[in-house]
Every structure is written in C-alpha cells, then in structure tokens.
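What follows is run04.json (JSON, C-alpha atoms).
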```json
[["chain", "number", "residue", "atom", "x", "y", "z"],
["A", 1, "MET", "CA", 0.00, 0.00, 0.00],
["A", 2, "ASN", "CA", 2.81, 2.36, 0.93],
["A", 3, "PHE", "CA", 4.68, 1.44, -2.25],
["A", 4, "LYS", "CA", 1.62, 2.19, -4.38],
["A", 5, "LYS", "CA", 1.25, 5.61, -2.79],
["A", 6, "MET", "CA", 4.93, 6.32, -3.35],
["A", 7, "ASN", "CA", 4.67, 5.43, -7.05],
["A", 8, "LYS", "CA", 1.60, 7.56, -7.50],
["A", 9, "LYS", "CA", 3.39, 10.50, -5.90],
["A", 10, "ALA", "CA", 6.42, 9.99, -8.11],
["A", 11, "GLN", "CA", 4.19, 9.82, -11.17],
["A", 12, "GLU", "CA", 2.51, 13.06, -10.19],
["A", 13, "GLU", "CA", 5.91, 14.71, -9.80],
["A", 14, "TRP", "CA", 6.84, 13.86, -13.38],
["A", 15, "LEU", "CA", 3.66, 15.03, -15.06],
["A", 16, "THR", "CA", 2.26, 18.02, -13.22],
["A", 17, "PRO", "CA", 0.22, 20.95, -14.56],
["A", 18, "TRP", "CA", 3.12, 23.18, -13.52],
["A", 19, "MET", "CA", 5.26, 21.58, -16.18],
["A", 20, "PHE", "CA", 2.92, 22.88, -18.86],
["A", 21, "VAL", "CA", 2.88, 26.31, -17.24],
["A", 22, "VAL", "CA", 6.70, 26.37, -17.31],
["A", 23, "TRP", "CA", 6.71, 25.36, -20.99],
["A", 24, "LEU", "CA", 4.18, 28.05, -21.77],
["A", 25, "VAL", "CA", 6.32, 30.68, -20.05],
["A", 26, "ILE", "CA", 9.48, 29.48, -21.85],
["A", 27, "GLY", "CA", 7.63, 29.38, -25.17],
["A", 28, "ILE", "CA", 6.24, 32.91, -24.82],
["A", 29, "ALA", "CA", 9.66, 34.24, -23.77],
["A", 30, "ILE", "CA", 11.33, 32.68, -26.82],
["A", 31, "VAL", "CA", 8.66, 33.96, -29.21],
["A", 32, "ILE", "CA", 8.90, 37.50, -27.79],
["A", 33, "ALA", "CA", 12.72, 37.51, -27.85],
["A", 34, "VAL", "CA", 12.91, 36.26, -31.44],
["A", 35, "SER", "CA", 10.21, 38.68, -32.60],
["A", 36, "VAL", "CA", 11.86, 41.67, -30.94],
["A", 37, "PHE", "CA", 15.21, 40.80, -32.50],
["A", 38, "TYR", "CA", 14.07, 40.07, -36.04],
["A", 39, "LEU", "CA", 11.35, 42.71, -36.33],
["A", 40, "SER", "CA", 13.63, 45.54, -35.23],
["A", 41, "PHE", "CA", 14.61, 47.90, -38.02],
["A", 42, "ILE", "CA", 17.85, 49.56, -38.92],
["A", 43, "ASP", "CA", 17.35, 53.26, -38.42],
["A", 44, "SER", "CA", 19.04, 55.30, -41.11],
["A", 45, "ARG", "CA", 16.80, 58.37, -40.82],
["A", 46, "ASP", "CA", 19.49, 60.45, -39.10],
["A", 47, "TYR", "CA", 21.94, 59.77, -41.92],
["A", 48, "GLU", "CA", 19.34, 60.57, -44.57],
["A", 49, "ALA", "CA", 18.54, 63.89, -42.90],
["A", 50, "LYS", "CA", 22.24, 64.69, -42.62],
["A", 51, "ILE", "CA", 22.98, 63.83, -46.26],
["A", 52, "LEU", "CA", 20.00, 65.91, -47.39],
["A", 53, "GLY", "CA", 21.21, 68.87, -45.30],
["A", 54, "ASP", "CA", 24.77, 68.61, -46.63],
["A", 55, "LYS", "CA", 23.49, 68.38, -50.20],
["A", 56, "ILE", "CA", 21.35, 71.52, -49.85],
["A", 57, "ILE", "CA", 24.09, 73.52, -48.12],
["A", 58, "SER", "CA", 26.68, 72.61, -50.75],
["A", 59, "CYS", "CA", 24.43, 73.71, -53.62],
["A", 60, "ILE", "CA", 23.35, 76.99, -52.01],
["A", 61, "SER", "CA", 26.75, 78.08, -50.76],
["A", 62, "ASP", "CA", 30.21, 77.65, -52.14],
["A", 63, "SER", "CA", 33.34, 78.40, -50.11],
["A", 64, "GLY", "CA", 31.34, 80.44, -47.61],
["A", 65, "LYS", "CA", 29.58, 82.52, -50.24],
["A", 66, "ILE", "CA", 25.92, 82.26, -51.16],
["A", 67, "ASN", "CA", 25.08, 81.38, -54.70],
["A", 68, "PRO", "CA", 23.65, 84.74, -55.97],
["A", 69, "GLU", "CA", 20.91, 82.87, -57.82],
["A", 70, "PHE", "CA", 19.47, 81.82, -54.48],
["A", 71, "PHE", "CA", 17.89, 85.29, -54.09],
["A", 72, "GLN", "CA", 16.24, 85.07, -57.49],
["A", 73, "GLU", "CA", 14.23, 82.24, -59.01],
["A", 74, "PHE", "CA", 15.88, 79.26, -57.38],
["A", 75, "ASP", "CA", 14.58, 75.74, -57.89],
["A", 76, "VAL", "CA", 16.10, 73.76, -55.02],
["A", 77, "TYR", "CA", 15.11, 70.44, -56.57],
["A", 78, "SER", "CA", 16.88, 70.84, -59.88],
["A", 79, "ARG", "CA", 19.80, 72.83, -58.46],
["A", 80, "CYS", "CA", 20.50, 70.47, -55.58],
["A", 81, "GLY", "CA", 19.79, 67.23, -57.46],
["A", 82, "LEU", "CA", 16.66, 66.30, -55.51],
["A", 83, "GLU", "CA", 13.77, 64.33, -56.96],
["A", 84, "LYS", "CA", 10.74, 66.60, -56.64],
["A", 85, "GLU", "CA", 8.19, 63.77, -56.59],
["A", 86, "ILE", "CA", 9.82, 62.22, -53.54],
["A", 87, "PHE", "CA", 9.31, 65.48, -51.64],
["A", 88, "SER", "CA", 5.53, 65.39, -51.81],
["A", 89, "SER", "CA", 3.36, 66.87, -49.07],
["A", 90, "LYS", "CA", 2.70, 63.43, -47.57],
["A", 91, "GLY", "CA", 6.21, 62.19, -48.26],
["A", 92, "LEU", "CA", 8.97, 60.85, -46.09],
["A", 93, "PHE", "CA", 11.36, 63.78, -46.35],
["A", 94, "TYR", "CA", 11.38, 67.46, -45.50],
["A", 95, "PHE", "CA", 13.65, 70.46, -45.77],
["A", 96, "LYS", "CA", 13.52, 74.10, -44.81],
["A", 97, "VAL", "CA", 16.16, 76.55, -45.90],
["A", 98, "SER", "CA", 16.25, 79.98, -44.23],
["A", 99, "ILE", "CA", 18.74, 82.72, -44.62],
["A", 100, "TYR", "CA", 18.91, 85.75, -42.38],
["A", 101, "ASP", "CA", 21.14, 88.70, -41.74],
["A", 102, "VAL", "CA", 23.46, 88.19, -38.78],
["A", 103, "ASN", "CA", 22.89, 91.72, -37.51],
["A", 104, "ASP", "CA", 19.17, 92.42, -37.86],
["A", 105, "LYS", "CA", 17.95, 88.75, -37.75],
["A", 106, "ASN", "CA", 15.40, 89.46, -40.48],
["A", 107, "TYR", "CA", 14.81, 86.58, -42.81],
["A", 108, "ALA", "CA", 16.07, 87.38, -46.27],
["A", 109, "LYS", "CA", 14.57, 84.27, -47.80],
["A", 110, "SER", "CA", 13.02, 81.00, -46.74],
["A", 111, "ILE", "CA", 12.20, 77.92, -48.82],
["A", 112, "SER", "CA", 10.68, 74.67, -47.66],
["A", 113, "GLY", "CA", 9.59, 71.45, -49.29],
["A", 114, "GLY", "CA", 8.43, 67.93, -48.56],
["A", 115, "ASN", "CA", 6.17, 66.92, -45.72],
["A", 116, "LEU", "CA", 5.56, 70.20, -43.90],
["A", 117, "ASP", "CA", 4.23, 68.41, -40.80],
["A", 118, "PHE", "CA", 7.83, 67.61, -40.01],
["A", 119, "GLU", "CA", 8.45, 71.22, -39.00],
["A", 120, "VAL", "CA", 6.43, 70.52, -35.85],
["A", 121, "ASN", "CA", 7.13, 66.79, -35.60],
["A", 122, "CYS", "CA", 10.89, 67.34, -35.63],
["A", 123, "GLY", "CA", 10.64, 68.74, -32.13],
["A", 124, "LEU", "CA", 8.75, 65.71, -30.82],
["A", 125, "THR", "CA", 10.18, 62.50, -29.50],
["A", 126, "GLY", "CA", 8.99, 58.99, -30.30],
["A", 127, "ASP", "CA", 9.80, 56.20, -32.73],
["A", 128, "SER", "CA", 7.15, 57.29, -35.21],
["A", 129, "MET", "CA", 8.42, 60.87, -35.30],
["A", 130, "PRO", "CA", 10.88, 61.94, -37.99],
["A", 131, "LYS", "CA", 14.58, 62.28, -37.30],
["A", 132, "CYS", "CA", 15.85, 65.74, -38.11],
["A", 133, "GLN", "CA", 19.10, 67.61, -38.48],
["A", 134, "GLU", "CA", 19.63, 71.33, -38.12],
["A", 135, "ASN", "CA", 22.65, 72.98, -39.67],
["A", 136, "LYS", "CA", 23.70, 76.59, -39.37],
["A", 137, "VAL", "CA", 26.42, 77.96, -41.58],
["A", 138, "LEU", "CA", 27.90, 81.44, -41.64],
["A", 139, "VAL", "CA", 27.96, 82.70, -45.21],
["A", 140, "SER", "CA", 28.43, 85.98, -46.94],
["A", 141, "TYR", "CA", 26.60, 87.79, -49.72],
["A", 142, "GLU", "CA", 27.86, 91.02, -51.22],
["A", 143, "GLY", "CA", 30.21, 91.40, -48.27],
["A", 144, "ARG", "CA", 27.50, 91.07, -45.62],
["A", 145, "PRO", "CA", 27.39, 88.15, -43.21],
["A", 146, "TYR", "CA", 24.34, 85.88, -43.24],
["A", 147, "ILE", "CA", 23.33, 82.74, -41.41],
["A", 148, "LEU", "CA", 22.19, 79.89, -43.62],
["A", 149, "GLU", "CA", 19.93, 77.66, -41.59],
["A", 150, "VAL", "CA", 18.93, 74.29, -43.01],
["A", 151, "LEU", "CA", 16.50, 71.98, -41.23],
["A", 152, "THR", "CA", 16.08, 68.54, -42.81],
["A", 153, "GLY", "CA", 14.08, 65.53, -41.74],
["A", 154, "SER", "CA", 13.44, 61.97, -42.74],
["A", 155, "ASN", "CA", 10.87, 59.47, -41.57],
["A", 156, "GLN", "CA", 11.66, 56.64, -43.91],
["A", 157, "ILE", "CA", 11.19, 53.27, -42.21],
["A", 158, "GLY", "CA", 11.45, 51.32, -45.46],
["A", 159, "GLY", "CA", 10.01, 47.88, -46.16],
["A", 160, "LYS", "CA", 7.20, 47.17, -48.59],
["A", 161, "LEU", "CA", 6.47, 50.86, -49.38],
["B", 1, "MET", "CA", 0.76, -4.68, -7.85],
["B", 2, "LYS", "CA", 4.40, -3.76, -7.49],
["B", 3, "LYS", "CA", 4.96, -4.38, -11.19],
["B", 4, "LYS", "CA", 2.01, -2.21, -12.21],
["B", 5, "GLY", "CA", 3.34, 0.69, -10.09],
["B", 6, "SER", "CA", 6.75, 0.46, -11.75],
["B", 7, "VAL", "CA", 5.18, 0.42, -15.21],
["B", 8, "ASP", "CA", 3.09, 3.51, -14.36],
["B", 9, "LEU", "CA", 6.19, 5.34, -13.17],
["B", 10, "LEU", "CA", 8.15, 4.28, -16.25],
["B", 11, "SER", "CA", 5.40, 5.38, -18.63],
["B", 12, "ALA", "CA", 5.17, 8.73, -16.82],
["B", 13, "VAL", "CA", 8.89, 9.26, -17.29],
["B", 14, "VAL", "CA", 8.70, 8.25, -20.96],
["B", 15, "ILE", "CA", 5.75, 10.58, -21.60],
["B", 16, "PHE", "CA", 7.59, 13.37, -19.79],
["B", 17, "LEU", "CA", 10.68, 12.86, -21.94],
["B", 18, "ILE", "CA", 8.68, 12.65, -25.17],
["B", 19, "LEU", "CA", 6.80, 15.84, -24.35],
["B", 20, "ASN", "CA", 10.05, 17.59, -23.49],
["B", 21, "VAL", "CA", 11.69, 16.53, -26.74],
["B", 22, "LEU", "CA", 8.58, 17.59, -28.65],
["B", 23, "PHE", "CA", 8.43, 20.99, -26.94],
["B", 24, "PHE", "CA", 12.09, 21.82, -27.50],
["B", 25, "SER", "CA", 11.93, 20.57, -31.11],
["B", 26, "VAL", "CA", 9.05, 22.94, -31.78],
["B", 27, "MET", "CA", 10.97, 25.80, -30.15],
["B", 28, "PHE", "CA", 14.14, 25.06, -32.15],
["B", 29, "ALA", "CA", 12.10, 24.83, -35.35],
["B", 30, "PHE", "CA", 10.42, 28.16, -34.59],
["B", 31, "VAL", "CA", 13.72, 29.93, -33.90],
["B", 32, "TYR", "CA", 15.33, 28.37, -37.00],
["B", 33, "ILE", "CA", 12.46, 29.36, -39.31],
["B", 34, "SER", "CA", 11.94, 32.86, -38.00],
["B", 35, "GLY", "CA", 15.65, 33.39, -37.46],
["B", 36, "SER", "CA", 16.49, 33.66, -41.15],
["B", 37, "LYS", "CA", 19.17, 36.28, -41.66],
["B", 38, "ALA", "CA", 17.75, 37.17, -45.06],
["B", 39, "ARG", "CA", 15.33, 39.82, -43.78],
["B", 40, "ILE", "CA", 18.05, 41.62, -41.84],
["B", 41, "TYR", "CA", 20.48, 41.59, -44.78],
["B", 42, "GLU", "CA", 17.75, 42.74, -47.17],
["B", 43, "GLN", "CA", 17.10, 45.73, -44.93],
["B", 44, "ALA", "CA", 20.74, 46.54, -44.26],
["B", 45, "TYR", "CA", 21.83, 46.44, -47.90],
["B", 46, "SER", "CA", 18.74, 48.21, -49.20],
["B", 47, "LYS", "CA", 19.35, 51.13, -46.85],
["B", 48, "GLN", "CA", 23.09, 51.13, -47.43],
["B", 49, "ILE", "CA", 22.71, 51.30, -51.21],
["B", 50, "ALA", "CA", 20.06, 54.07, -50.94],
["B", 51, "LEU", "CA", 22.38, 56.11, -48.71],
["B", 52, "VAL", "CA", 25.27, 55.60, -51.13],
["B", 53, "ILE", "CA", 23.13, 56.85, -54.03],
["B", 54, "ASP", "CA", 21.93, 59.87, -52.03],
["B", 55, "GLU", "CA", 25.42, 60.85, -50.97],
["B", 56, "ALA", "CA", 27.19, 60.26, -54.29],
["B", 57, "ARG", "CA", 27.97, 63.20, -56.51],
["B", 58, "PRO", "CA", 27.27, 62.93, -60.23],
["B", 59, "GLY", "CA", 30.08, 61.13, -62.02],
["B", 60, "THR", "CA", 30.78, 58.78, -59.14],
["B", 61, "ILE", "CA", 31.22, 55.02, -59.41],
["B", 62, "VAL", "CA", 30.77, 53.15, -56.13],
["B", 63, "THR", "CA", 31.48, 49.49, -55.53],
["B", 64, "VAL", "CA", 29.59, 47.64, -52.79],
["B", 65, "ASP", "CA", 30.74, 44.25, -51.55],
["B", 66, "LEU", "CA", 27.90, 41.73, -51.92],
["B", 67, "SER", "CA", 29.64, 38.56, -50.69],
["B", 68, "LYS", "CA", 27.42, 38.34, -47.61],
["B", 69, "VAL", "CA", 24.32, 38.98, -49.73],
["B", 70, "TYR", "CA", 25.23, 36.16, -52.11],
["B", 71, "GLU", "CA", 25.97, 33.83, -49.21],
["B", 72, "VAL", "CA", 22.54, 34.42, -47.67],
["B", 73, "ALA", "CA", 20.78, 34.30, -51.05],
["B", 74, "ARG", "CA", 22.41, 30.94, -51.89],
["B", 75, "LYS", "CA", 21.11, 29.52, -48.60],
["B", 76, "GLU", "CA", 17.66, 30.79, -49.53],
["B", 77, "LYS", "CA", 18.03, 29.29, -53.05],
["B", 78, "ARG", "CA", 17.66, 32.64, -54.77],
["B", 79, "PHE", "CA", 20.03, 33.09, -57.66],
["B", 80, "ASP", "CA", 18.93, 36.15, -59.61],
["B", 81, "LYS", "CA", 17.33, 39.61, -59.25],
["B", 82, "MET", "CA", 18.66, 40.17, -55.78],
["B", 83, "ILE", "CA", 19.23, 43.91, -56.23],
["B", 84, "ILE", "CA", 16.42, 45.61, -58.12],
["B", 85, "LEU", "CA", 16.62, 49.29, -59.03],
["B", 86, "ASP", "CA", 13.38, 51.09, -59.84],
["B", 87, "ALA", "CA", 14.89, 54.32, -61.17],
["B", 88, "GLU", "CA", 11.48, 55.68, -62.16],
["B", 89, "ASN", "CA", 10.19, 55.65, -58.57],
["B", 90, "ASN", "CA", 13.58, 56.09, -56.88],
["B", 91, "ILE", "CA", 13.37, 52.74, -55.10],
["B", 92, "ILE", "CA", 16.10, 50.25, -54.39],
["B", 93, "GLU", "CA", 14.87, 46.76, -53.51],
["B", 94, "VAL", "CA", 16.93, 43.94, -52.09],
["B", 95, "ARG", "CA", 15.29, 40.52, -52.29],
["B", 96, "LEU", "CA", 17.08, 37.50, -50.89],
["B", 97, "GLN", "CA", 14.14, 35.14, -50.48],
["B", 98, "ASN", "CA", 11.89, 33.62, -53.11],
["B", 99, "ALA", "CA", 8.78, 34.06, -51.03],
["B", 100, "GLY", "CA", 7.29, 37.49, -50.47],
["B", 101, "GLU", "CA", 8.59, 40.89, -51.37],
["B", 102, "GLY", "CA", 12.05, 42.23, -50.76],
["B", 103, "TYR", "CA", 12.99, 45.26, -48.69],
["B", 104, "LYS", "CA", 12.51, 48.59, -50.44],
["B", 105, "THR", "CA", 14.11, 51.92, -49.61],
["B", 106, "LYS", "CA", 13.56, 55.23, -51.38],
["B", 107, "TYR", "CA", 16.39, 57.54, -52.32],
["B", 108, "PHE", "CA", 15.79, 61.25, -52.85],
["B", 109, "SER", "CA", 18.59, 62.04, -55.26],
["B", 110, "SER", "CA", 17.48, 62.88, -58.81],
["B", 111, "THR", "CA", 20.74, 61.69, -60.33],
["B", 112, "ASN", "CA", 20.69, 59.11, -63.09],
["B", 113, "VAL", "CA", 21.58, 55.82, -61.41],
["B", 114, "LYS", "CA", 22.56, 52.49, -62.91],
["B", 115, "VAL", "CA", 23.49, 49.38, -60.99],
["B", 116, "LEU", "CA", 25.40, 46.40, -62.28],
["B", 117, "GLU", "CA", 25.98, 43.15, -60.41],
["B", 118, "ASN", "CA", 29.40, 41.57, -60.88],
["B", 119, "ARG", "CA", 28.57, 38.00, -59.90],
["B", 120, "TYR", "CA", 32.09, 36.63, -60.24],
["B", 121, "GLU", "CA", 33.56, 39.12, -57.80],
["B", 122, "GLU", "CA", 30.31, 39.36, -55.84],
["B", 123, "LYS", "CA", 30.20, 43.13, -56.06],
["B", 124, "LEU", "CA", 27.63, 45.74, -56.99],
["B", 125, "ILE", "CA", 28.78, 48.60, -59.14],
["B", 126, "ILE", "CA", 26.70, 51.77, -58.84],
["B", 127, "TYR", "CA", 27.05, 54.41, -61.54],
["B", 128, "VAL", "CA", 25.78, 57.84, -60.57],
["B", 129, "SER", "CA", 25.68, 60.29, -63.47]]
```
Transcribe the structure of this file into structure tokens.
Amino acid sequence: MNFKKMNKKAQEEWLTPWMFVVWLVIGIAIVIAVSVFYLSFIDSRDYEAKILGDKIISCISDSGKINPEFFQEFDVYSRCGLEKEIFSSKGLFYFKVSIYDVNDKNYAKSISGGNLDFEVNCGLTGDSMPKCQENKVLVSYEGRPYILEVLTGSNQIGGKL
Amino acid sequence: MKKKGSVDLLSAVVIFLILNVLFFSVMFAFVYISGSKARIYEQAYSKQIALVIDEARPGTIVTVDLSKVYEVARKEKRFDKMIILDAENNIIEVRLQNAGEGYKTKYFSSTNVKVLENRYEEKLIIYVS
C-alpha cells in the first residue's frame, strides 16, 4: 500500500500541470525575444537627414559665399539634385532653408519642401516621429554676413512601401 | 501490484521525456524558421545602397561588396534579381528570399543611377551620373 502511494506520488511529480505552465512561459519568452530581435529595423533616418542637409548647403553656398541665384528664381530640386516627386506633401522627407542677416535677424529668404508636418514633428520624441538635423552655416553675400539655416528631416522606415 | 506501479512510473517518465523533446523541437524549429538572416540583410543592404546613391555626386562610381548577400541568397536558393533598381520611382529593392517581397528603400537624389551586379567578384557597381 505504501509502495503504491509512493509510485503515485512519483508519477505526479513527473507530469504536473506546472510543467505545462513552465513550458508556456518558456515558449512565450522565446517567441517574444525572437520577434523583438528580427522585427527591429535599422534606423538610417538620421543619416538621410544629414545627407540631405549637406546636399542643400553645398548647392546653395560655395566656399562660404551664397550662390547669388538663391535670391532670385531658385529651384532647389533641380539645383540640388533632388527628386521633386519624392518630396511630396505626404512624403517621407522634408527640408527648410532659411537665410537671415546676422545683424538684424530678419529673414532674407526661406524655402521649404516635402512633408511640412515635419516642422512641428521634428521637435517631438517617439519612434514614429521623424529624425531631423539642423545645420547653421555662416555665409556671406555682397560682403554682408548671413546665417544659412537648413532643417532637414526623414521618416523613412522602409520595407514594402 | 508492485509491477504495475513500476510500469506507471516508467510510462510517466517516458511521456515526460517525449513531451520535453517535442516541446524543445518545436521551439528550435520556430527559432530556425523565424531566425532567417535574409530579412536583416535585405534591410541593411537596401538602406546602405540608398544612402550611397543619395550621398554620391554625379560622375561617381561606387562598388559595394555583396559577398554576404550572395551567401545568404544561396542559402535561400535565390540566384537572380537580388538587387532591383526602380529608377522611375527612386526605389532600391533587395530581395534575398523567393517568397514574399524584398525590402525597399527610397532615395531622394534625382541623379541618373545604374546598378550592375558583378557576380564573379560578388560586387555591386553603382554608376551615378
């Protein structure tokens, strides 16, 4: 009788409901860990914003001097080698170019393009918010010093598009 | 009676072991299937190539090493159209698996881009003009 009880106890120790609970916990942990690792994305938005900013600065100014055409009819897209269709109002990229006098701080000219919501969203934090870069360069035009301010942003996650 | 008790204990141990093996096999299979490196390499190379195109000045020729891409694609039994350039829509797509779509990244540069795969040297040559 004692032996029977002992065997029954041993049997219960091998196959208990807790075993299934432990498996469930292990299974969920593995699924979550694998999903987090393989669903994570490589964030290149900062680099895209930086490249866009550098590209715009280098086509507007040369050796610290503003391209005089900037104050006339200036098509940023064709001059800076940017694809206009990519910079649509609901697009993934944004830029804002402002130029102002160092002394009186009045804006001499300002141009923007792309998804204009980024102007506000750039200041917000969160994974779904765009990554932005702000560059300020001291330039001169007809002997007067100006500040060239370029704000660029990207919110390209990539994938199926 | 003693024999029956031993058999019960033995069968409990056997069932326990079988269930354990089954559970861990399922877990290994899940990790192996979902743990394909292809998706990560598709994403990494798609973004890398798009950044290269955006940063390149007209007249530049850039060579990108694709040995890792070819290695992963061979494992996935994909042998052609791994790097797809959609110049009309400014999209670079890297597809290393036969099933599903590849990973697409947009580039904003309006330069004229051509890509050529050198399969012998496992390199991608990007012409930006």
Leaving out Val72 (chain B) and any residue of its chain fewer than 4 positions from it, which residues lie within 7 Å of it when counting only C-alpha atoms, given as a PyMOL selection string? chain B and resi 38+68+76
Up to 8 Å from chain A, what residues of chain B turn up? Count all atoms listed in the file and give them as an NGL selection string. :B and (1-2 or 5-6 or 8-9 or 12-13 or 16 or 23 or 27 or 31 or 34-35 or 39-40 or 43-44 or 47 or 51 or 54-55 or 90 or 101-106 or 108-111)
Distance CA of Lys96 (chain A)-CA of Tyr107 (chain B), one decimal place? 18.4 Å
Å distance separating CA of Phe95 (chain A) from CA of Ser112 (chain A), one decimal place: 5.5 Å
Interatomic distance, CA of Leu85 (chain B) to CA of Tyr120 (chain B) (Å, one decimal): 20.0 Å
Taking all atoms of region 121-124 of chain A that the file lists and extending 3 Å past them on each side, where is the centre of the axis-aligned box and how long are its edges? Answer in Å to one decimal, as lines of an AutoDock Vina configuration file.
```
center_x = 9.0
center_y = 67.2
center_z = -33.2
size_x = 9.8
size_y = 9.0
size_z = 10.8
```
What's the 7 Å shell around Gln133 (chain A), counting all atoms listed in the file, without same-chain residues fewer than 3 positions away, as number ranges by chain? A: 49-50, 151-153
Please identify all polymer residues within 6 Å of Ile126 (chain B), counting all atoms listed in the file, omitting same-chain residues fewer than 5 positions from it, and present them as a ChimeraX atom specification. /B:61-62,114-115
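Proximity ranking of B:Ser11, B:Ser67, B:Thr60, B:Gln97 relative to Val113 (chain B) places B:Thr60 first, based on only C-alpha atoms.
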Considering all atoms listed in the file, can you say which of B:Arg78, B:Arg119, B:Lys37, B:Arg57 comes closest to Cys59 (chain A)?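 Of all the options, B:Arg57 lies closest to Cys59 (chain A).
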At a cut-off of 10 Å, using all atoms listed in the file, what residues contact Ile147 (chain A)? Leave out same-chain residues fewer than 3 positions from it and give the result as a ChimeraX atom specification. /A:98-103,105,107-108,135-140,150
Closest to Thr63 (chain B) among B:Leu19, B:Lys75, B:Gln48, B:Glu42, using only C-alpha atoms?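 That would be B:Gln48, the residue with the smallest distance to Thr63 (chain B).
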So which residues touch Met82 (chain B) within 7 Å, counting all atoms listed in the file, skipping near sequence neighbours fewer than 4 positions away, as a PyMOL selection string? chain B and resi 94-96
